[in-house]
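Step one of this worksheet: look at the structure below.
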Amino acid sequence: MSTPNKDLEKVEVRLKWDPSPPGAPAHDLDIIAATYFADAPYGSPAYLVHFDSRSPDGTINLDRDSRTGQGFGFDEVMTLELHRLSTTYTRVVVGVAIQQRDGRKTFAEIANTGVQVREGYTNLAEDDFSSVGDATAATVAEFVRGASGVWEFHATVRGFDGDPGAFAETMGGRTPGA
């Protein structure tokens, strides 16, 4: 029997921000995706996808990476082909981390931040990080494969305070930072 509900197949997470002022260290924000096994959907991820990497099976790719925010529109774009992801994985969490190599920097200190989660031409979620302005990283989306095999999207903007490495290891916890 067919239903009007459509399974999520190919999703994009798009990130934008303004460059730092002249003479200041560059603002470098990164999209990070973490996949989780069916038998361990929380805690440490099975694998991560971020700058200079992709998923082992090619289903999650960072298509555009920016280290400065210079450009028009969205500076970083990650594509998740959920319909191709092995049934071994039942959860994918996507987050954004600010590189901290030049000292602590929060979302509130970076102008015109924005993230979109899209499937085709449909915006599933948009956020400007204002609700997590004091954070150095934030989760922005959660995709969960239900018992029927259909992927569900949960918009979830949760702030985190710490470096990108610590964030990547804990971003899929049951509570922020756990």
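By order of appearance in the structure tokens: chains A, B, ..., then residues from 1 within every chain, and ligands from 1 in the order shown.
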Just the residues within 12 Å of Asp163 (chain A), please, counting only C-alpha atoms, with nothing from its chain fewer than 6 positions along; format it as a PDB file with all heavy atoms, in the first residue's frame.
```pdb
ATOM      1  N   LEU A  29      34.254  27.570  10.331  1.00  0.00           N
ATOM      2  CA  LEU A  29      33.194  26.709  10.829  1.00  0.00           C
ATOM      3  C   LEU A  29      33.173  25.432   9.997  1.00  0.00           C
ATOM      4  O   LEU A  29      33.462  25.477   8.797  1.00  0.00           O
ATOM      5  CB  LEU A  29      31.832  27.400  10.727  1.00  0.00           C
ATOM      6  CG  LEU A  29      31.520  28.477  11.766  1.00  0.00           C
ATOM      7  CD1 LEU A  29      32.384  29.694  11.608  1.00  0.00           C
ATOM      8  CD2 LEU A  29      30.055  28.846  11.697  1.00  0.00           C
ATOM      9  N   ASP A  30      32.851  24.321  10.622  1.00  0.00           N
ATOM     10  CA  ASP A  30      32.855  23.036   9.933  1.00  0.00           C
ATOM     11  C   ASP A  30      31.586  22.252  10.215  1.00  0.00           C
ATOM     12  O   ASP A  30      31.129  22.184  11.362  1.00  0.00           O
ATOM     13  CB  ASP A  30      34.063  22.199  10.374  1.00  0.00           C
ATOM     14  CG  ASP A  30      35.373  22.773   9.878  1.00  0.00           C
ATOM     15  OD1 ASP A  30      35.484  23.015   8.667  1.00  0.00           O
ATOM     16  OD2 ASP A  30      36.277  22.996  10.704  1.00  0.00           O
ATOM     17  N   VAL A  96      27.678  21.518  13.761  1.00  0.00           N
ATOM     18  CA  VAL A  96      28.573  22.559  13.265  1.00  0.00           C
ATOM     19  C   VAL A  96      29.511  22.926  14.406  1.00  0.00           C
ATOM     20  O   VAL A  96      29.055  23.185  15.526  1.00  0.00           O
ATOM     21  CB  VAL A  96      27.781  23.799  12.803  1.00  0.00           C
ATOM     22  CG1 VAL A  96      28.722  24.943  12.450  1.00  0.00           C
ATOM     23  CG2 VAL A  96      26.880  23.448  11.636  1.00  0.00           C
ATOM     24  N   ALA A  97      30.811  22.943  14.103  1.00  0.00           N
ATOM     25  CA  ALA A  97      31.812  23.303  15.103  1.00  0.00           C
ATOM     26  C   ALA A  97      32.635  24.480  14.604  1.00  0.00           C
ATOM     27  O   ALA A  97      32.961  24.562  13.418  1.00  0.00           O
ATOM     28  CB  ALA A  97      32.723  22.115  15.387  1.00  0.00           C
ATOM     29  N   ILE A  98      32.976  25.375  15.511  1.00  0.00           N
ATOM     30  CA  ILE A  98      33.853  26.503  15.203  1.00  0.00           C
ATOM     31  C   ILE A  98      35.269  26.097  15.585  1.00  0.00           C
ATOM     32  O   ILE A  98      35.515  25.684  16.730  1.00  0.00           O
ATOM     33  CB  ILE A  98      33.445  27.763  15.992  1.00  0.00           C
ATOM     34  CG1 ILE A  98      31.982  28.123  15.734  1.00  0.00           C
ATOM     35  CG2 ILE A  98      34.380  28.926  15.656  1.00  0.00           C
ATOM     36  CD1 ILE A  98      31.439  29.178  16.691  1.00  0.00           C
ATOM     37  N   GLN A  99      36.203  26.206  14.656  1.00  0.00           N
ATOM     38  CA  GLN A  99      37.597  25.911  14.977  1.00  0.00           C
ATOM     39  C   GLN A  99      38.071  26.903  16.039  1.00  0.00           C
ATOM     40  O   GLN A  99      37.775  28.089  15.968  1.00  0.00           O
ATOM     41  CB  GLN A  99      38.476  26.002  13.729  1.00  0.00           C
ATOM     42  CG  GLN A  99      38.205  24.892  12.734  1.00  0.00           C
ATOM     43  CD  GLN A  99      38.572  23.519  13.278  1.00  0.00           C
ATOM     44  OE1 GLN A  99      39.539  23.354  14.025  1.00  0.00           O
ATOM     45  NE2 GLN A  99      37.786  22.520  12.898  1.00  0.00           N
ATOM     46  N   GLN A 100      38.807  26.405  17.026  1.00  0.00           N
ATOM     47  CA  GLN A 100      39.211  27.211  18.174  1.00  0.00           C
ATOM     48  C   GLN A 100      40.716  27.473  18.218  1.00  0.00           C
ATOM     49  O   GLN A 100      41.244  27.833  19.257  1.00  0.00           O
ATOM     50  CB  GLN A 100      38.762  26.503  19.461  1.00  0.00           C
ATOM     51  CG  GLN A 100      37.274  26.260  19.551  1.00  0.00           C
ATOM     52  CD  GLN A 100      36.473  27.542  19.640  1.00  0.00           C
ATOM     53  OE1 GLN A 100      36.796  28.458  20.388  1.00  0.00           O
ATOM     54  NE2 GLN A 100      35.404  27.621  18.851  1.00  0.00           N
ATOM     55  N   ARG A 101      41.415  27.329  17.110  1.00  0.00           N
ATOM     56  CA  ARG A 101      42.878  27.442  17.126  1.00  0.00           C
ATOM     57  C   ARG A 101      43.393  28.844  17.458  1.00  0.00           C
ATOM     58  O   ARG A 101      44.523  28.992  17.900  1.00  0.00           O
ATOM     59  CB  ARG A 101      43.469  26.939  15.823  1.00  0.00           C
ATOM     60  CG  ARG A 101      43.119  27.720  14.597  1.00  0.00           C
ATOM     61  CD  ARG A 101      43.709  27.073  13.332  1.00  0.00           C
ATOM     62  NE  ARG A 101      42.903  27.390  12.178  1.00  0.00           N
ATOM     63  CZ  ARG A 101      41.920  26.652  11.701  1.00  0.00           C
ATOM     64  NH1 ARG A 101      41.622  25.512  12.280  1.00  0.00           N
ATOM     65  NH2 ARG A 101      41.236  27.024  10.645  1.00  0.00           N
ATOM     66  N   ASP A 102      42.586  29.889  17.272  1.00  0.00           N
ATOM     67  CA  ASP A 102      43.019  31.259  17.567  1.00  0.00           C
ATOM     68  C   ASP A 102      42.352  31.809  18.824  1.00  0.00           C
ATOM     69  O   ASP A 102      42.193  33.010  18.976  1.00  0.00           O
ATOM     70  CB  ASP A 102      42.703  32.169  16.373  1.00  0.00           C
ATOM     71  CG  ASP A 102      43.492  31.775  15.140  1.00  0.00           C
ATOM     72  OD1 ASP A 102      44.718  31.603  15.249  1.00  0.00           O
ATOM     73  OD2 ASP A 102      42.871  31.613  14.070  1.00  0.00           O
ATOM     74  N   GLY A 103      41.961  30.936  19.729  1.00  0.00           N
ATOM     75  CA  GLY A 103      41.277  31.353  20.949  1.00  0.00           C
ATOM     76  C   GLY A 103      39.794  31.029  20.869  1.00  0.00           C
ATOM     77  O   GLY A 103      39.262  30.752  19.806  1.00  0.00           O
ATOM     78  N   ARG A 104      39.136  31.049  22.025  1.00  0.00           N
ATOM     79  CA  ARG A 104      37.722  30.687  22.107  1.00  0.00           C
ATOM     80  C   ARG A 104      36.870  31.647  21.284  1.00  0.00           C
ATOM     81  O   ARG A 104      36.985  32.859  21.415  1.00  0.00           O
ATOM     82  CB  ARG A 104      37.260  30.687  23.553  1.00  0.00           C
ATOM     83  CG  ARG A 104      35.854  30.171  23.735  1.00  0.00           C
ATOM     84  CD  ARG A 104      35.505  30.053  25.221  1.00  0.00           C
ATOM     85  NE  ARG A 104      34.219  29.448  25.394  1.00  0.00           N
ATOM     86  CZ  ARG A 104      33.053  30.084  25.251  1.00  0.00           C
ATOM     87  NH1 ARG A 104      33.031  31.360  24.936  1.00  0.00           N
ATOM     88  NH2 ARG A 104      31.913  29.453  25.436  1.00  0.00           N
ATOM     89  N   LYS A 105      36.022  31.079  20.438  1.00  0.00           N
ATOM     90  CA  LYS A 105      35.134  31.861  19.589  1.00  0.00           C
ATOM     91  C   LYS A 105      33.754  31.212  19.625  1.00  0.00           C
ATOM     92  O   LYS A 105      33.628  30.001  19.497  1.00  0.00           O
ATOM     93  CB  LYS A 105      35.673  31.876  18.153  1.00  0.00           C
ATOM     94  CG  LYS A 105      35.120  32.971  17.291  1.00  0.00           C
ATOM     95  CD  LYS A 105      35.802  33.003  15.939  1.00  0.00           C
ATOM     96  CE  LYS A 105      37.260  33.368  16.091  1.00  0.00           C
ATOM     97  NZ  LYS A 105      37.980  33.479  14.834  1.00  0.00           N
ATOM     98  N   THR A 106      32.694  32.026  19.786  1.00  0.00           N
ATOM     99  CA  THR A 106      31.332  31.511  19.871  1.00  0.00           C
ATOM    100  C   THR A 106      30.518  31.954  18.653  1.00  0.00           C
ATOM    101  O   THR A 106      30.941  32.828  17.898  1.00  0.00           O
ATOM    102  CB  THR A 106      30.635  32.025  21.144  1.00  0.00           C
ATOM    103  OG1 THR A 106      30.491  33.442  21.038  1.00  0.00           O
ATOM    104  CG2 THR A 106      31.413  31.647  22.404  1.00  0.00           C
ATOM    105  N   ALA A 135      27.675  29.216  22.538  1.00  0.00           N
ATOM    106  CA  ALA A 135      28.265  27.898  22.267  1.00  0.00           C
ATOM    107  C   ALA A 135      29.369  27.987  21.220  1.00  0.00           C
ATOM    108  O   ALA A 135      29.397  28.898  20.387  1.00  0.00           O
ATOM    109  CB  ALA A 135      27.179  26.935  21.796  1.00  0.00           C
ATOM    110  N   THR A 136      30.264  27.016  21.242  1.00  0.00           N
ATOM    111  CA  THR A 136      31.343  26.915  20.255  1.00  0.00           C
ATOM    112  C   THR A 136      31.037  25.854  19.202  1.00  0.00           C
ATOM    113  O   THR A 136      31.763  25.733  18.219  1.00  0.00           O
ATOM    114  CB  THR A 136      32.672  26.569  20.939  1.00  0.00           C
ATOM    115  OG1 THR A 136      32.536  25.319  21.623  1.00  0.00           O
ATOM    116  CG2 THR A 136      33.078  27.660  21.926  1.00  0.00           C
ATOM    117  N   ALA A 137      29.969  25.092  19.433  1.00  0.00           N
ATOM    118  CA  ALA A 137      29.528  24.057  18.491  1.00  0.00           C
ATOM    119  C   ALA A 137      28.055  23.779  18.779  1.00  0.00           C
ATOM    120  O   ALA A 137      27.543  24.125  19.843  1.00  0.00           O
ATOM    121  CB  ALA A 137      30.346  22.777  18.652  1.00  0.00           C
ATOM    122  N   ALA A 138      27.373  23.164  17.808  1.00  0.00           N
ATOM    123  CA  ALA A 138      25.955  22.844  18.006  1.00  0.00           C
ATOM    124  C   ALA A 138      25.533  21.711  17.080  1.00  0.00           C
ATOM    125  O   ALA A 138      26.002  21.635  15.941  1.00  0.00           O
ATOM    126  CB  ALA A 138      25.085  24.062  17.727  1.00  0.00           C
ATOM    127  N   GLU A 169      33.024  13.711  19.417  1.00  0.00           N
ATOM    128  CA  GLU A 169      32.885  12.460  20.157  1.00  0.00           C
ATOM    129  C   GLU A 169      31.611  12.389  20.982  1.00  0.00           C
ATOM    130  O   GLU A 169      31.153  11.310  21.315  1.00  0.00           O
ATOM    131  CB  GLU A 169      34.103  12.249  21.067  1.00  0.00           C
ATOM    132  CG  GLU A 169      35.307  11.732  20.320  1.00  0.00           C
ATOM    133  CD  GLU A 169      35.051  10.384  19.639  1.00  0.00           C
ATOM    134  OE1 GLU A 169      34.510   9.456  20.263  1.00  0.00           O
ATOM    135  OE2 GLU A 169      35.391  10.283  18.440  1.00  0.00           O
ATOM    136  N   THR A 170      31.040  13.531  21.341  1.00  0.00           N
ATOM    137  CA  THR A 170      29.877  13.529  22.238  1.00  0.00           C
ATOM    138  C   THR A 170      28.613  14.100  21.628  1.00  0.00           C
ATOM    139  O   THR A 170      27.563  14.110  22.275  1.00  0.00           O
ATOM    140  CB  THR A 170      30.193  14.322  23.533  1.00  0.00           C
ATOM    141  OG1 THR A 170      30.499  15.662  23.178  1.00  0.00           O
ATOM    142  CG2 THR A 170      31.335  13.701  24.289  1.00  0.00           C
ATOM    143  N   MET A 171      28.665  14.573  20.381  1.00  0.00           N
ATOM    144  CA  MET A 171      27.514  15.247  19.794  1.00  0.00           C
ATOM    145  C   MET A 171      26.278  14.373  19.669  1.00  0.00           C
ATOM    146  O   MET A 171      25.169  14.878  19.606  1.00  0.00           O
ATOM    147  CB  MET A 171      27.880  15.843  18.424  1.00  0.00           C
ATOM    148  CG  MET A 171      28.261  14.835  17.379  1.00  0.00           C
ATOM    149  SD  MET A 171      28.979  15.596  15.899  1.00  0.00           S
ATOM    150  CE  MET A 171      27.548  15.808  14.894  1.00  0.00           C
ATOM    151  N   GLY A 177      26.481  17.391  25.248  1.00  0.00           N
ATOM    152  CA  GLY A 177      27.767  17.141  25.877  1.00  0.00           C
ATOM    153  C   GLY A 177      27.882  15.810  26.578  1.00  0.00           C
ATOM    154  O   GLY A 177      28.853  15.548  27.267  1.00  0.00           O
TER     155      GLY A 177
END
```
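Every residue of region 34-154 of chain A found in helix (DSSP H, G or I) when DSSP is run on the backbone appears here: Leu82, His83, Arg84, Phe107, Ala108, Glu109, Ser130, Ser131 and Val132 of chain A.
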Selected residues, C-alpha atoms, written as a CSV table (one decimal), in the first residue's frame, please.
```csv
chain,number,residue,atom,x,y,z
A,82,LEU,CA,20.3,8.3,3.5
A,83,HIS,CA,18.6,5.9,1.2
A,84,ARG,CA,21.9,4.4,0.3
A,107,PHE,CA,28.5,31.7,17.4
A,108,ALA,CA,27.5,35.2,18.8
A,109,GLU,CA,31.0,36.5,17.7
A,130,SER,CA,21.1,32.8,18.0
A,131,SER,CA,19.6,30.4,20.5
A,132,VAL,CA,23.1,28.9,21.1
```
Can you pull out every residue within 6 Å of region 35-51 of chain A, counting only C-alpha atoms, but drop anything in the same chain fewer than 3 positions away, and send it as a compact mmCIF listing (two decimals) with C-alpha atoms, in the first residue's frame?
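Result file out_13.txt:
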```txt
# COMPACT_ATOMS: atom_id res chain seq x y z
CA ILE A 32 30.42 17.31 11.01
CA ARG A 54 33.89 11.20 3.52
CA SER A 55 31.96 8.16 4.64
CA THR A 88 23.80 -1.27 9.96
CA TYR A 89 23.39 2.44 10.73
CA THR A 90 20.16 3.77 12.20
CA ARG A 91 21.10 7.26 13.33
CA VAL A 92 23.01 10.20 11.86
CA GLU A 169 32.89 12.46 20.16
CA GLY A 172 25.29 12.17 19.53
CA GLY A 173 24.81 11.78 23.29
```
Item to complete: From the DSSP assignment of the backbone, select every residue of chain A that is strand (DSSP E), and format the answer as a ChimeraX atom specification.
Response: /A:10-16,29-37,47-49,60-64,76-81,89-98,114-119,122-127,137-145,151-160
Worksheet item: Taking only C-alpha atoms into account, which of A:Val117, A:Ala125, A:Val13, A:Val94 comes nearest Met78 (chain A)?
Response: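 Smallest separation from Met78 (chain A) among the options: A:Val13.
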Worksheet entry | Atom-to-atom span, CA of Asn123 (chain A) and CA of Gly58 (chain A), Å |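 Going from CA of Asn123 (chain A) over to CA of Gly58 (chain A), I get 23.5 Å.
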Item to complete: Excluding Gly95 (chain A) and residues on its chain fewer than 5 positions from it, collect all residues at most 7 Å away from it, counting only C-alpha atoms, and give them as a VMD selection string.
Response: chain A and resid 31 to 33 138 to 141
Practice prompt. Return the single residue from A:Asp128, A:Glu152, A:Asp7, A:Asp63 that is closest to Thr79 (chain A), with distances computed using only C-alpha atoms.
Written response: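 Smallest distance to Thr79 (chain A) is found for A:Asp63.
Note that CA of Pro25 (chain A) and CA of Val93 (chain A) are 28.8 Å apart.
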Discussion item. Rounded to one decimal, what separation in Å do you get between CA of Thr122 (chain A) and CA of Val11 (chain A)?
Written reply: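 A separation of 9.7 Å between them.
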Just want the 8 Å neighbourhood of Ile110 (chain A), counted on only C-alpha atoms, with same-chain residues fewer than 3 positions away dropped. Output as a JSON list (two decimals) with N, CA, C and O atoms, in the first residue's frame.
```json
[["chain", "number", "residue", "atom", "x", "y", "z"],
["A", 17, "TRP", "N", 28.38, 31.93, 6.80],
["A", 17, "TRP", "CA", 28.80, 32.89, 7.80],
["A", 17, "TRP", "C", 29.61, 33.97, 7.09],
["A", 17, "TRP", "O", 30.08, 33.78, 5.99],
["A", 18, "ASP", "N", 29.73, 35.12, 7.74],
["A", 18, "ASP", "CA", 30.52, 36.21, 7.18],
["A", 18, "ASP", "C", 31.98, 36.03, 7.56],
["A", 18, "ASP", "O", 32.29, 35.55, 8.66],
["A", 20, "SER", "N", 35.76, 37.03, 8.83],
["A", 20, "SER", "CA", 36.20, 37.87, 9.95],
["A", 20, "SER", "C", 36.61, 39.24, 9.43],
["A", 20, "SER", "O", 36.91, 39.40, 8.25],
["A", 27, "HIS", "N", 37.43, 33.18, 10.60],
["A", 27, "HIS", "CA", 36.39, 32.34, 11.20],
["A", 27, "HIS", "C", 36.32, 31.07, 10.38],
["A", 27, "HIS", "O", 36.13, 31.13, 9.16],
["A", 106, "THR", "N", 32.69, 32.03, 19.79],
["A", 106, "THR", "CA", 31.33, 31.51, 19.87],
["A", 106, "THR", "C", 30.52, 31.95, 18.65],
["A", 106, "THR", "O", 30.94, 32.83, 17.90],
["A", 107, "PHE", "N", 29.34, 31.37, 18.50],
["A", 107, "PHE", "CA", 28.46, 31.74, 17.40],
["A", 107, "PHE", "C", 28.09, 33.23, 17.46],
["A", 107, "PHE", "O", 27.96, 33.88, 16.43],
["A", 113, "THR", "N", 25.62, 34.04, 10.72],
["A", 113, "THR", "CA", 25.67, 32.58, 10.63],
["A", 113, "THR", "C", 24.30, 32.06, 10.25],
["A", 113, "THR", "O", 23.26, 32.65, 10.58]]
```
Worksheet item: Which of these, A:Ala147, A:Ala34, A:Leu85, A:Leu124, has the shortest distance to Phe167 (chain A) once you count only C-alpha atoms?
Response: A:Ala34
